[in-house]
file coords-v5.cif (mmCIF, C-alpha atoms and all ligand atoms)
data_upload
#
loop_
_atom_site.group_PDB
_atom_site.id
_atom_site.type_symbol
_atom_site.label_atom_id
_atom_site.label_comp_id
_atom_site.auth_asym_id
_atom_site.auth_seq_id
_atom_site.Cartn_x
_atom_site.Cartn_y
_atom_site.Cartn_z
ATOM 1 C CA MET E 1 27.729 -7.850 4.845
ATOM 2 C CA LYS E 2 24.828 -6.820 2.673
ATOM 3 C CA LEU E 3 25.258 -3.581 0.775
ATOM 4 C CA ILE E 4 22.410 -1.072 1.067
ATOM 5 C CA ASP E 5 22.244 0.268 -2.447
ATOM 6 C CA GLY E 6 20.924 3.834 -2.380
ATOM 7 C CA LYS E 7 21.385 4.246 -6.115
ATOM 8 C CA LYS E 8 19.206 1.220 -6.885
ATOM 9 C CA ILE E 9 16.483 2.322 -4.442
ATOM 10 C CA GLN E 10 16.551 5.840 -5.878
ATOM 11 C CA THR E 11 16.021 4.462 -9.388
ATOM 12 C CA GLU E 12 13.109 2.311 -8.179
ATOM 13 C CA MET E 13 11.549 5.254 -6.351
ATOM 14 C CA ILE E 14 11.864 7.609 -9.340
ATOM 15 C CA GLU E 15 9.841 5.112 -11.332
ATOM 16 C CA GLU E 16 7.258 4.616 -8.564
ATOM 17 C CA LEU E 17 6.827 8.346 -7.944
ATOM 18 C CA ASN E 18 6.652 9.066 -11.666
ATOM 19 C CA HIS E 19 3.824 6.581 -11.875
ATOM 20 C CA LYS E 20 2.061 8.246 -8.919
ATOM 21 C CA VAL E 21 2.418 11.712 -10.511
ATOM 22 C CA SER E 22 1.009 10.512 -13.827
ATOM 23 C CA ASP E 23 -2.250 9.707 -11.976
ATOM 24 C CA LEU E 24 -2.564 13.282 -10.631
ATOM 25 C CA MET E 25 -4.580 16.016 -12.286
ATOM 26 C CA PHE E 26 -1.661 18.494 -12.451
ATOM 27 C CA ALA E 27 2.092 18.251 -11.998
ATOM 28 C CA PRO E 28 2.960 19.002 -8.340
ATOM 29 C CA LYS E 29 5.039 22.143 -7.932
ATOM 30 C CA LEU E 30 8.059 22.725 -5.703
ATOM 31 C CA VAL E 31 9.670 26.134 -5.252
ATOM 32 C CA ILE E 32 13.272 26.286 -4.034
ATOM 33 C CA ILE E 33 14.437 29.581 -2.570
ATOM 34 C CA GLN E 34 18.181 30.126 -2.632
ATOM 35 C CA VAL E 35 20.047 33.114 -1.252
ATOM 36 C CA GLY E 36 23.490 33.808 -2.716
ATOM 37 C CA ASP E 37 25.653 31.734 -5.019
ATOM 38 C CA PHE E 38 27.264 29.117 -2.729
ATOM 39 C CA GLY E 39 28.820 26.369 -4.922
ATOM 40 C CA PRO E 40 27.573 23.261 -3.051
ATOM 41 C CA SER E 41 24.050 24.783 -2.820
ATOM 42 C CA ASN E 42 24.047 25.369 -6.596
ATOM 43 C CA LYS E 43 24.903 21.680 -7.015
ATOM 44 C CA TYR E 44 22.143 20.518 -4.653
ATOM 45 C CA VAL E 45 19.561 22.742 -6.397
ATOM 46 C CA ALA E 46 20.615 21.333 -9.778
ATOM 47 C CA GLN E 47 20.210 17.764 -8.429
ATOM 48 C CA LYS E 48 16.720 18.600 -7.167
ATOM 49 C CA LYS E 49 15.757 19.994 -10.577
ATOM 50 C CA THR E 50 17.053 16.879 -12.352
ATOM 51 C CA VAL E 51 15.320 14.399 -10.049
ATOM 52 C CA GLY E 52 12.146 16.534 -10.000
ATOM 53 C CA GLU E 53 12.040 16.445 -13.783
ATOM 54 C CA LYS E 54 12.427 12.650 -13.824
ATOM 55 C CA VAL E 55 9.571 12.283 -11.342
ATOM 56 C CA GLY E 56 7.365 14.779 -13.196
ATOM 57 C CA ILE E 57 7.451 17.524 -10.569
ATOM 58 C CA ASP E 58 7.655 21.142 -11.658
ATOM 59 C CA VAL E 59 10.639 22.636 -9.825
ATOM 60 C CA GLU E 60 11.012 26.434 -9.782
ATOM 61 C CA HIS E 61 14.232 27.966 -8.511
ATOM 62 C CA ILE E 62 14.075 31.508 -7.102
ATOM 63 C CA ARG E 63 17.423 33.100 -6.307
ATOM 64 C CA PHE E 64 17.956 36.052 -4.004
ATOM 65 C CA TYR E 65 21.338 37.669 -3.394
ATOM 66 C CA GLU E 66 23.185 38.812 -0.274
ATOM 67 C CA ASP E 67 22.070 42.411 -0.937
ATOM 68 C CA ASN E 68 18.394 41.446 -0.874
ATOM 69 C CA THR E 69 16.727 42.101 2.461
ATOM 70 C CA GLU E 70 15.269 39.471 4.778
ATOM 71 C CA GLU E 71 11.927 41.260 4.341
ATOM 72 C CA GLU E 72 11.986 40.663 0.576
ATOM 73 C CA ILE E 73 12.537 36.940 1.134
ATOM 74 C CA LEU E 74 9.779 36.746 3.766
ATOM 75 C CA ASN E 75 7.375 38.581 1.424
ATOM 76 C CA LYS E 76 8.132 36.097 -1.352
ATOM 77 C CA ILE E 77 7.455 33.179 1.017
ATOM 78 C CA ASP E 78 4.142 34.789 2.049
ATOM 79 C CA GLU E 79 3.189 35.075 -1.604
ATOM 80 C CA LEU E 80 4.108 31.415 -2.303
ATOM 81 C CA ASN E 81 2.227 30.260 0.809
ATOM 82 C CA GLU E 82 -0.924 31.814 -0.694
ATOM 83 C CA ASP E 83 -0.364 30.537 -4.241
ATOM 84 C CA PRO E 84 -2.615 27.488 -4.821
ATOM 85 C CA LYS E 85 -0.375 26.293 -7.680
ATOM 86 C CA VAL E 86 2.586 25.880 -5.309
ATOM 87 C CA ASN E 87 2.526 22.650 -3.279
ATOM 88 C CA GLY E 88 5.932 22.685 -1.629
ATOM 89 C CA ILE E 89 8.394 25.397 -0.616
ATOM 90 C CA MET E 90 11.936 24.888 0.622
ATOM 91 C CA VAL E 91 14.734 27.238 1.538
ATOM 92 C CA GLN E 92 18.137 25.966 0.440
ATOM 93 C CA LEU E 93 20.442 25.986 3.473
ATOM 94 C CA PRO E 94 22.840 27.265 4.631
ATOM 95 C CA LEU E 95 21.842 30.909 4.184
ATOM 96 C CA PRO E 96 24.585 33.534 3.954
ATOM 97 C CA LYS E 97 25.696 35.211 7.184
ATOM 98 C CA GLY E 98 23.250 37.788 8.495
ATOM 99 C CA PHE E 99 20.082 35.965 7.416
ATOM 100 C CA ASP E 100 18.015 34.406 10.204
ATOM 101 C CA GLU E 101 17.591 30.752 9.141
ATOM 102 C CA ASP E 102 15.084 29.963 11.841
ATOM 103 C CA LYS E 103 12.864 32.938 11.045
ATOM 104 C CA ILE E 104 12.986 32.352 7.285
ATOM 105 C CA THR E 105 12.369 28.566 7.365
ATOM 106 C CA ASN E 106 9.558 29.050 9.876
ATOM 107 C CA ARG E 107 7.787 31.485 7.543
ATOM 108 C CA VAL E 108 6.953 28.584 5.198
ATOM 109 C CA SER E 109 3.422 27.325 5.775
ATOM 110 C CA SER E 110 3.579 24.008 7.659
ATOM 111 C CA LYS E 111 1.303 22.572 4.925
ATOM 112 C CA LYS E 112 3.955 23.357 2.282
ATOM 113 C CA ASP E 113 7.016 22.699 4.450
ATOM 114 C CA VAL E 114 8.358 19.773 2.408
ATOM 115 C CA ASP E 115 11.758 20.009 4.140
ATOM 116 C CA GLY E 116 10.050 19.417 7.512
ATOM 117 C CA LEU E 117 11.994 22.177 9.235
ATOM 118 C CA THR E 118 9.258 24.362 10.700
ATOM 119 C CA THR E 119 8.811 24.190 14.455
ATOM 120 C CA GLU E 120 5.240 22.991 13.863
ATOM 121 C CA ASN E 121 6.318 19.998 11.765
ATOM 122 C CA ILE E 122 9.108 19.083 14.160
ATOM 123 C CA GLY E 123 6.568 19.108 17.008
ATOM 124 C CA LEU E 124 4.140 16.925 15.047
ATOM 125 C CA LEU E 125 6.922 14.463 14.211
ATOM 126 C CA PHE E 126 7.951 14.143 17.871
ATOM 127 C CA ASP E 127 4.307 13.730 18.779
ATOM 128 C CA GLY E 128 4.028 10.744 16.401
ATOM 129 C CA LYS E 129 1.470 12.632 14.276
ATOM 130 C CA ASN E 130 1.243 13.149 10.529
ATOM 131 C CA ALA E 131 4.148 15.472 9.643
ATOM 132 C CA PHE E 132 6.604 16.280 6.910
ATOM 133 C CA THR E 133 9.766 14.450 7.945
ATOM 134 C CA PRO E 134 13.102 16.127 7.071
ATOM 135 C CA CYS E 135 14.306 14.520 3.840
ATOM 136 C CA THR E 136 17.538 12.825 4.933
ATOM 137 C CA ALA E 137 15.862 11.230 7.953
ATOM 138 C CA LEU E 138 12.967 10.145 5.725
ATOM 139 C CA GLY E 139 15.446 8.657 3.263
ATOM 140 C CA VAL E 140 17.200 6.685 6.010
ATOM 141 C CA MET E 141 13.854 5.307 7.240
ATOM 142 C CA GLU E 142 12.964 4.293 3.671
ATOM 143 C CA LEU E 143 16.188 2.266 3.466
ATOM 144 C CA PHE E 144 15.226 0.336 6.624
ATOM 145 C CA LYS E 145 11.826 -0.380 5.105
ATOM 146 C CA ARG E 146 13.132 -1.504 1.721
ATOM 147 C CA TYR E 147 15.738 -3.818 3.254
ATOM 148 C CA ASN E 148 13.243 -5.232 5.794
ATOM 149 C CA ILE E 149 15.383 -4.125 8.719
ATOM 150 C CA ASP E 150 13.217 -4.480 11.799
ATOM 151 C CA LEU E 151 13.652 -1.617 14.257
ATOM 152 C CA LYS E 152 11.233 -2.712 16.984
ATOM 153 C CA GLY E 153 13.047 -3.165 20.290
ATOM 154 C CA LYS E 154 16.455 -2.680 18.651
ATOM 155 C CA HIS E 155 19.086 -0.386 20.129
ATOM 156 C CA ALA E 156 19.640 2.394 17.592
ATOM 157 C CA VAL E 157 22.573 4.733 18.223
ATOM 158 C CA ILE E 158 22.742 8.031 16.355
ATOM 159 C CA LEU E 159 26.015 9.945 16.125
ATOM 160 C CA GLY E 160 25.169 13.631 15.593
ATOM 161 C CA ARG E 161 22.290 15.788 16.840
ATOM 162 C CA SER E 162 21.771 18.306 14.022
ATOM 163 C CA LYS E 163 18.337 19.733 13.287
ATOM 164 C CA LEU E 164 18.496 18.325 9.747
ATOM 165 C CA VAL E 165 19.553 14.753 10.486
ATOM 166 C CA GLY E 166 20.234 13.541 14.044
ATOM 167 C CA LYS E 167 17.284 15.092 15.860
ATOM 168 C CA PRO E 168 14.507 14.107 13.424
ATOM 169 C CA LEU E 169 15.946 10.572 13.381
ATOM 170 C CA ILE E 170 15.383 10.343 17.147
ATOM 171 C CA ALA E 171 11.656 10.838 16.557
ATOM 172 C CA CYS E 172 11.512 8.594 13.478
ATOM 173 C CA LEU E 173 13.227 5.703 15.284
ATOM 174 C CA LEU E 174 11.145 6.104 18.445
ATOM 175 C CA ASN E 175 8.005 6.122 16.306
ATOM 176 C CA GLU E 176 9.144 2.697 15.017
ATOM 177 C CA ASN E 177 9.683 1.440 18.587
ATOM 178 C CA ALA E 178 13.478 1.377 18.559
ATOM 179 C CA THR E 179 15.383 2.171 21.743
ATOM 180 C CA VAL E 180 17.344 5.290 20.885
ATOM 181 C CA THR E 181 20.627 6.704 22.129
ATOM 182 C CA VAL E 182 21.958 9.927 20.645
ATOM 183 C CA CYS E 183 25.617 10.973 20.877
ATOM 184 C CA HIS E 184 27.354 14.241 20.060
ATOM 185 C CA SER E 185 30.719 15.948 20.365
ATOM 186 C CA LYS E 186 30.514 16.109 24.191
ATOM 187 C CA THR E 187 29.631 12.417 24.631
ATOM 188 C CA GLU E 188 32.110 10.557 26.828
ATOM 189 C CA ASN E 189 33.266 6.986 26.110
ATOM 190 C CA LEU E 190 31.638 7.032 22.700
ATOM 191 C CA SER E 191 32.977 3.603 21.697
ATOM 192 C CA SER E 192 31.388 1.952 24.715
ATOM 193 C CA ILE E 193 28.015 3.198 23.403
ATOM 194 C CA THR E 194 28.545 2.433 19.704
ATOM 195 C CA LYS E 195 29.632 -1.117 20.633
ATOM 196 C CA LYS E 196 26.151 -1.687 22.070
ATOM 197 C CA ALA E 197 24.358 -0.555 18.903
ATOM 198 C CA ASP E 198 22.263 -2.941 16.842
ATOM 199 C CA ILE E 199 21.815 -0.073 14.427
ATOM 200 C CA LEU E 200 24.350 2.737 14.072
ATOM 201 C CA ILE E 201 23.549 5.912 12.136
ATOM 202 C CA VAL E 202 26.478 8.248 11.678
ATOM 203 C CA ALA E 203 25.993 11.934 10.777
ATOM 204 C CA ILE E 204 28.900 13.939 12.142
ATOM 205 C CA GLY E 205 30.886 15.155 9.132
ATOM 206 C CA LYS E 206 34.213 13.488 9.982
ATOM 207 C CA LYS E 207 35.893 11.346 7.319
ATOM 208 C CA HIS E 208 36.214 7.638 8.250
ATOM 209 C CA PHE E 209 35.523 8.324 11.942
ATOM 210 C CA VAL E 210 33.841 4.968 12.652
ATOM 211 C CA THR E 211 36.147 1.944 12.570
ATOM 212 C CA LYS E 212 35.657 -1.773 13.308
ATOM 213 C CA ASP E 213 36.902 -1.516 16.898
ATOM 214 C CA MET E 214 33.868 0.745 17.644
ATOM 215 C CA ILE E 215 31.159 -1.758 16.662
ATOM 216 C CA LYS E 216 29.961 -5.238 17.531
ATOM 217 C CA LYS E 217 29.538 -7.974 14.938
ATOM 218 C CA GLY E 218 26.274 -7.755 13.006
ATOM 219 C CA THR E 219 25.620 -4.021 13.405
ATOM 220 C CA VAL E 220 23.537 -2.312 10.734
ATOM 221 C CA ILE E 221 25.501 0.800 9.736
ATOM 222 C CA ILE E 222 24.015 3.809 7.969
ATOM 223 C CA ASP E 223 26.590 6.379 6.909
ATOM 224 C CA VAL E 224 25.081 9.822 6.330
ATOM 225 C CA GLY E 225 28.414 11.668 6.136
ATOM 226 C CA ILE E 226 29.544 13.535 3.055
ATOM 227 C CA ASN E 227 33.128 14.748 3.349
ATOM 228 C CA VAL E 228 34.778 16.165 0.257
ATOM 229 C CA GLU E 229 38.556 15.967 -0.055
ATOM 230 C CA ASP E 230 40.408 16.752 -3.292
ATOM 231 C CA GLY E 231 37.142 16.406 -5.204
ATOM 232 C CA LYS E 232 36.433 12.921 -3.772
ATOM 233 C CA ILE E 233 33.566 12.066 -1.431
ATOM 234 C CA TYR E 234 34.139 10.128 1.792
ATOM 235 C CA GLY E 235 31.702 8.934 4.427
ATOM 236 C CA ASP E 236 31.918 9.193 8.212
ATOM 237 C CA VAL E 237 32.462 5.415 8.331
ATOM 238 C CA ASN E 238 35.587 3.599 7.209
ATOM 239 C CA PHE E 239 33.770 1.276 4.811
ATOM 240 C CA ASP E 240 36.619 -1.150 4.114
ATOM 241 C CA ASP E 241 37.499 -1.453 7.782
ATOM 242 C CA VAL E 242 33.959 -2.254 9.025
ATOM 243 C CA LYS E 243 32.603 -4.240 6.066
ATOM 244 C CA GLU E 244 33.448 -7.699 7.483
ATOM 245 C CA LYS E 245 31.800 -6.914 10.817
ATOM 246 C CA ALA E 246 28.640 -5.069 9.740
ATOM 247 C CA SER E 247 25.482 -6.935 8.705
ATOM 248 C CA PHE E 248 24.215 -4.120 6.459
ATOM 249 C CA LEU E 249 26.201 -1.107 5.294
ATOM 250 C CA THR E 250 25.581 1.960 3.123
ATOM 251 C CA PRO E 251 28.316 3.089 0.759
ATOM 252 C CA VAL E 252 29.363 6.719 0.236
ATOM 253 C CA PRO E 253 28.660 7.857 -2.436
ATOM 254 C CA ASN E 254 25.494 6.064 -3.641
ATOM 255 C CA GLY E 255 24.039 5.438 -0.198
ATOM 256 C CA VAL E 256 21.990 7.866 1.902
ATOM 257 C CA GLY E 257 22.873 10.838 -0.345
ATOM 258 C CA ARG E 258 20.775 9.290 -3.102
ATOM 259 C CA MET E 259 17.779 9.065 -0.773
ATOM 260 C CA THR E 260 17.596 12.705 0.338
ATOM 261 C CA VAL E 261 16.460 14.276 -2.936
ATOM 262 C CA ILE E 262 13.995 11.520 -3.814
ATOM 263 C CA SER E 263 12.500 11.832 -0.302
ATOM 264 C CA LEU E 264 11.972 15.544 -0.960
ATOM 265 C CA MET E 265 9.970 14.628 -4.072
ATOM 266 C CA ASN E 266 7.982 12.146 -1.986
ATOM 267 C CA ASN E 267 7.121 14.986 0.403
ATOM 268 C CA VAL E 268 6.061 17.264 -2.494
ATOM 269 C CA ILE E 269 3.628 14.605 -3.739
ATOM 270 C CA LYS E 270 2.334 14.124 -0.178
ATOM 271 C CA ALA E 271 1.787 17.911 0.064
ATOM 272 C CA TYR E 272 -0.099 17.913 -3.259
ATOM 273 C CA GLN E 273 -2.322 15.046 -2.146
ATOM 274 C CA GLU E 274 -3.081 16.592 1.237
ATOM 275 C CA GLN E 275 -3.828 19.996 -0.317
ATOM 276 C CA SER E 276 -6.201 18.349 -2.819
ATOM 277 C CA LYS E 277 -8.330 16.813 -0.079
HETATM 278 P P1 LIG E 301 26.264 19.262 11.686
HETATM 279 O O1 LIG E 301 25.118 20.187 11.719
HETATM 280 O O2 LIG E 301 27.633 19.780 11.450
HETATM 281 O O3 LIG E 301 26.266 18.395 13.027
HETATM 282 C C1 LIG E 301 27.280 17.500 13.318
HETATM 283 C C2 LIG E 301 26.905 16.745 14.548
HETATM 284 O O4 LIG E 301 27.938 15.806 14.821
HETATM 285 C C3 LIG E 301 26.785 17.631 15.799
HETATM 286 O O5 LIG E 301 25.672 17.212 16.560
HETATM 287 C C4 LIG E 301 28.090 17.370 16.541
HETATM 288 O O6 LIG E 301 27.967 17.474 17.959
HETATM 289 C C5 LIG E 301 28.354 15.924 16.175
HETATM 290 N N1 LIG E 301 29.769 15.585 16.270
HETATM 291 C C6 LIG E 301 30.820 16.246 15.740
HETATM 292 N N2 LIG E 301 31.972 15.617 16.046
HETATM 293 C C7 LIG E 301 31.642 14.540 16.797
HETATM 294 C C8 LIG E 301 32.376 13.509 17.418
HETATM 295 N N3 LIG E 301 33.707 13.468 17.355
HETATM 296 N N4 LIG E 301 31.707 12.560 18.104
HETATM 297 C C9 LIG E 301 30.346 12.586 18.196
HETATM 298 N N5 LIG E 301 29.588 13.542 17.621
HETATM 299 C C10 LIG E 301 30.234 14.508 16.928
HETATM 300 O O7 LIG E 301 26.091 18.151 10.576
HETATM 301 P P2 LIG E 301 24.840 17.565 9.724
HETATM 302 O O8 LIG E 301 24.218 18.642 8.928
HETATM 303 O O9 LIG E 301 23.990 16.674 10.532
HETATM 304 O O10 LIG E 301 25.694 16.644 8.753
HETATM 305 C C11 LIG E 301 26.499 15.595 9.215
HETATM 306 C C12 LIG E 301 27.156 14.928 8.025
HETATM 307 O O11 LIG E 301 26.137 14.418 7.169
HETATM 308 C C13 LIG E 301 27.967 15.869 7.146
HETATM 309 O O12 LIG E 301 29.047 15.156 6.575
HETATM 310 C C14 LIG E 301 27.006 16.279 6.067
HETATM 311 O O13 LIG E 301 27.651 16.652 4.867
HETATM 312 C C15 LIG E 301 26.251 15.001 5.880
HETATM 313 N N6 LIG E 301 24.894 15.153 5.358
HETATM 314 C C16 LIG E 301 24.535 14.294 4.374
HETATM 315 C C17 LIG E 301 23.269 14.353 3.855
HETATM 316 C C18 LIG E 301 22.900 13.358 2.805
HETATM 317 O O14 LIG E 301 21.976 13.593 2.058
HETATM 318 N N7 LIG E 301 23.593 12.224 2.752
HETATM 319 C C19 LIG E 301 22.350 15.282 4.320
HETATM 320 C C20 LIG E 301 22.711 16.146 5.357
HETATM 321 C C21 LIG E 301 24.003 16.053 5.872
HETATM 322 P P3 LIG E 301 27.595 18.864 18.709
HETATM 323 O O15 LIG E 301 26.116 19.013 18.534
HETATM 324 O O16 LIG E 301 28.002 18.625 20.105
HETATM 325 O O17 LIG E 301 28.393 19.927 18.014
#

call {"tool": "encode", "arguments": {"input": "coords-v5.cif", "output": "structure tokens"}}
result
Amino acid sequence: MKLIDGKKIQTEMIEELNHKVSDLMFAPKLVIIQVGDFGPSNKYVAQKKTVGEKVGIDVEHIRFYEDNTEEEILNKIDELNEDPKVNGIMVQLPLPKGFDEDKITNRVSSKKDVDGLTTENIGLLFDGKNAFTPCTALGVMELFKRYNIDLKGKHAVILGRSKLVGKPLIACLLNENATVTVCHSKTENLSSITKKADILIVAIGKKHFVTKDMIKKGTVIIDVGINVEDGKIYGDVNFDDVKEKASFLTPVPNGVGRMTVISLMNNVIKAYQEQSK
């Protein structure tokens, strides 16, 4: 098995993107809107600030609280949409109960939607057109590219159909001419499907769900899962169990997780370049 080293690729990409940014007239700017004080969200925002700084992107964090109104958040997004100094806008999810995630994420201009979550960008992605791809899906596709994993004609099976990961991956893989099957919690005889996968991408949020009896020899396995137990992080794939059978495998941590934030920065630079045209 060959290890897909997300940490190494992230380091390479930080350097490449930093180089790209140094050729730009101004530092690209990303604004992150957070509502509330949810612990994991605070951690993700901090990671984005750290990586942004390394790349040379100006990251501004705007925090609203549960007692702010939806209208106040929408007004702020309107203002940022109009601000020529702001290249990318993202809303840190999940939002606290009572806030309409769909309405708020869709208020971001599709030209600044660096998280790729507006209905317009999702439509463009499924249409095979130029779009902002959601960051985790983009990160997974980058791993295939960097490890020269050919997708054309291959049977790719995705476990999970979330808006953030599973669904955009359907479009990304189809756009690369893979044959795609997507499974979810209602799928029957799951193992009979996963055993036919040349490429298996797992994003379900269940610790060590995928085991060696569910795959064929030589499968490429991408583990998107992040499951925290007693302060430790586990993937959706039982790494030690499948490692002899897989041809390529991502670890957790230091696999896909490393790719999500750097892919966001990639999208911010893309937004800057497209807005400068
Ligand atoms: P989500 O919104 O909770 O969706 C989970 C998906 O898995 C749903 O489509 C669900 O099916 C499906 N599912 C649940 N149990 C299943 C089972 N037993 N068999 C088959 N499918 C099953 O999750 P998400 O946001 O996509 O995240 C998935 C995992 O990836 C989580 O661990 C999350 O922390 C992690 N994640 C990691 C990154 C990263 O940067 N590495 C980014 C995002 C998410 P239904 O649709 O039928 O309910």

call {"tool": "resolve_selection", "arguments": {"input": "coords-v5.cif", "expression": "the PyMOL selection byres (((chain E and resi 185) around 12) and not hetatm)", "output": "list in words"}}
result
Ile158, Leu159, Gly160, Arg161, Ser162, Val182, Cys183, His184, Lys186, Thr187, Glu188, Asn189, Leu190, Ala203, Ile204, Gly205 and Lys206 of chain E

call {"tool": "residues_around", "arguments": {"input": "coords-v5.cif", "residues": "Gly123 (chain E)", "least_positions_apart": "4", "cutoff": "12 Å", "atoms": "only C-alpha atoms", "output": "PyMOL selection string"}}
result
chain E and resi 110+116-119+127-133+167-168+171

call {"tool": "resolve_selection", "arguments": {"input": "coords-v5.cif", "expression": "the PyMOL selection byres (((chain E and resi 208) around 9) and not hetatm)", "output": "list in words"}}
result
Lys206, Lys207, Phe209, Val210, Thr211, Tyr234, Gly235, Asp236, Val237, Asn238 and Phe239 of chain E

call {"tool": "closest_residue", "arguments": {"input": "coords-v5.cif", "among": "E:Gln275, E:Asn106, E:Ser41, E:Thr11", "to": "ligand LIG 301 (chain E)", "atoms": "all atoms listed in the file"}}
result
E:Ser41

call {"tool": "resolve_selection", "arguments": {"input": "coords-v5.cif", "expression": "the PyMOL selection byres (((chain E and resi 197) around 7) and not hetatm)", "output": "JSON, numbers by chain"}}
result
{"E": [155, 156, 157, 193, 194, 195, 196, 198, 199, 200, 219]}

call {"tool": "atom_distance", "arguments": {"input": "coords-v5.cif", "atom1": "CA of Asp113 (chain E)", "atom2": "atom O16 of ligand LIG 301 (chain E)"}}
result
26.5 Å

call {"tool": "closest_residue", "arguments": {"input": "coords-v5.cif", "among": "E:Asn254, E:Cys172, E:Lys270, E:Gly166", "to": "Val202 (chain E)", "atoms": "all atoms listed in the file"}}
result
E:Gly166

call {"tool": "axis_aligned_box", "arguments": {"input": "coords-v5.cif", "around": "ligand LIG 301 (chain E)", "padding_each_side": "3 Å", "output": "JSON"}}
result
{"center_x": 27.8, "center_y": 16.2, "center_z": 11.1, "size_x": 17.7, "size_y": 14.0, "size_z": 24.0}

call {"tool": "closest_residue", "arguments": {"input": "coords-v5.cif", "among": "E:Leu93, E:Ala178, E:Ile222, E:Ile32", "to": "Ala46 (chain E)", "atoms": "all atoms listed in the file"}}
result
E:Ile32

call {"tool": "build_atoms", "arguments": {"input": "coords-v5.cif", "residues": "region 230-241 of chain E", "atoms": "N, CA, C and O atoms", "output": "short mmCIF file (atom, residue, chain, number, x, y, z; two decimals), keeping the file's coordinate frame"}}
result
data_model
loop_
_atom_site.label_atom_id
_atom_site.label_comp_id
_atom_site.auth_asym_id
_atom_site.auth_seq_id
_atom_site.Cartn_x
_atom_site.Cartn_y
_atom_site.Cartn_z
N ASP E 230 39.81 16.79 -1.94
CA ASP E 230 40.41 16.75 -3.29
C ASP E 230 39.40 16.25 -4.33
O ASP E 230 39.73 15.41 -5.18
N GLY E 231 38.17 16.74 -4.22
CA GLY E 231 37.14 16.41 -5.20
C GLY E 231 36.54 15.02 -5.02
O GLY E 231 35.67 14.61 -5.79
N LYS E 232 37.00 14.26 -4.01
CA LYS E 232 36.43 12.92 -3.77
C LYS E 232 35.53 12.95 -2.55
O LYS E 232 35.76 13.73 -1.61
N ILE E 233 34.52 12.08 -2.55
CA ILE E 233 33.57 12.07 -1.43
C ILE E 233 33.86 10.89 -0.51
O ILE E 233 34.02 9.75 -0.97
N TYR E 234 33.91 11.17 0.79
CA TYR E 234 34.14 10.13 1.79
C TYR E 234 33.01 10.16 2.82
O TYR E 234 32.50 11.23 3.15
N GLY E 235 32.71 9.00 3.37
CA GLY E 235 31.70 8.93 4.43
C GLY E 235 32.32 9.15 5.80
O GLY E 235 33.54 9.34 5.94
N ASP E 236 31.46 9.10 6.82
CA ASP E 236 31.92 9.19 8.21
C ASP E 236 32.38 7.83 8.73
O ASP E 236 32.89 7.72 9.84
N VAL E 237 32.12 6.79 7.92
CA VAL E 237 32.46 5.42 8.33
C VAL E 237 33.57 4.90 7.42
O VAL E 237 33.53 5.12 6.21
N ASN E 238 34.53 4.22 8.01
CA ASN E 238 35.59 3.60 7.21
C ASN E 238 35.04 2.28 6.65
O ASN E 238 35.07 1.24 7.30
N PHE E 239 34.50 2.38 5.44
CA PHE E 239 33.77 1.28 4.81
C PHE E 239 34.59 -0.02 4.79
O PHE E 239 34.14 -1.07 5.24
N ASP E 240 35.80 0.07 4.27
CA ASP E 240 36.62 -1.15 4.11
C ASP E 240 36.96 -1.78 5.46
O ASP E 240 37.04 -3.00 5.57
N ASP E 241 37.13 -0.94 6.47
CA ASP E 241 37.50 -1.45 7.78
C ASP E 241 36.34 -2.20 8.46
O ASP E 241 36.55 -3.23 9.09
#
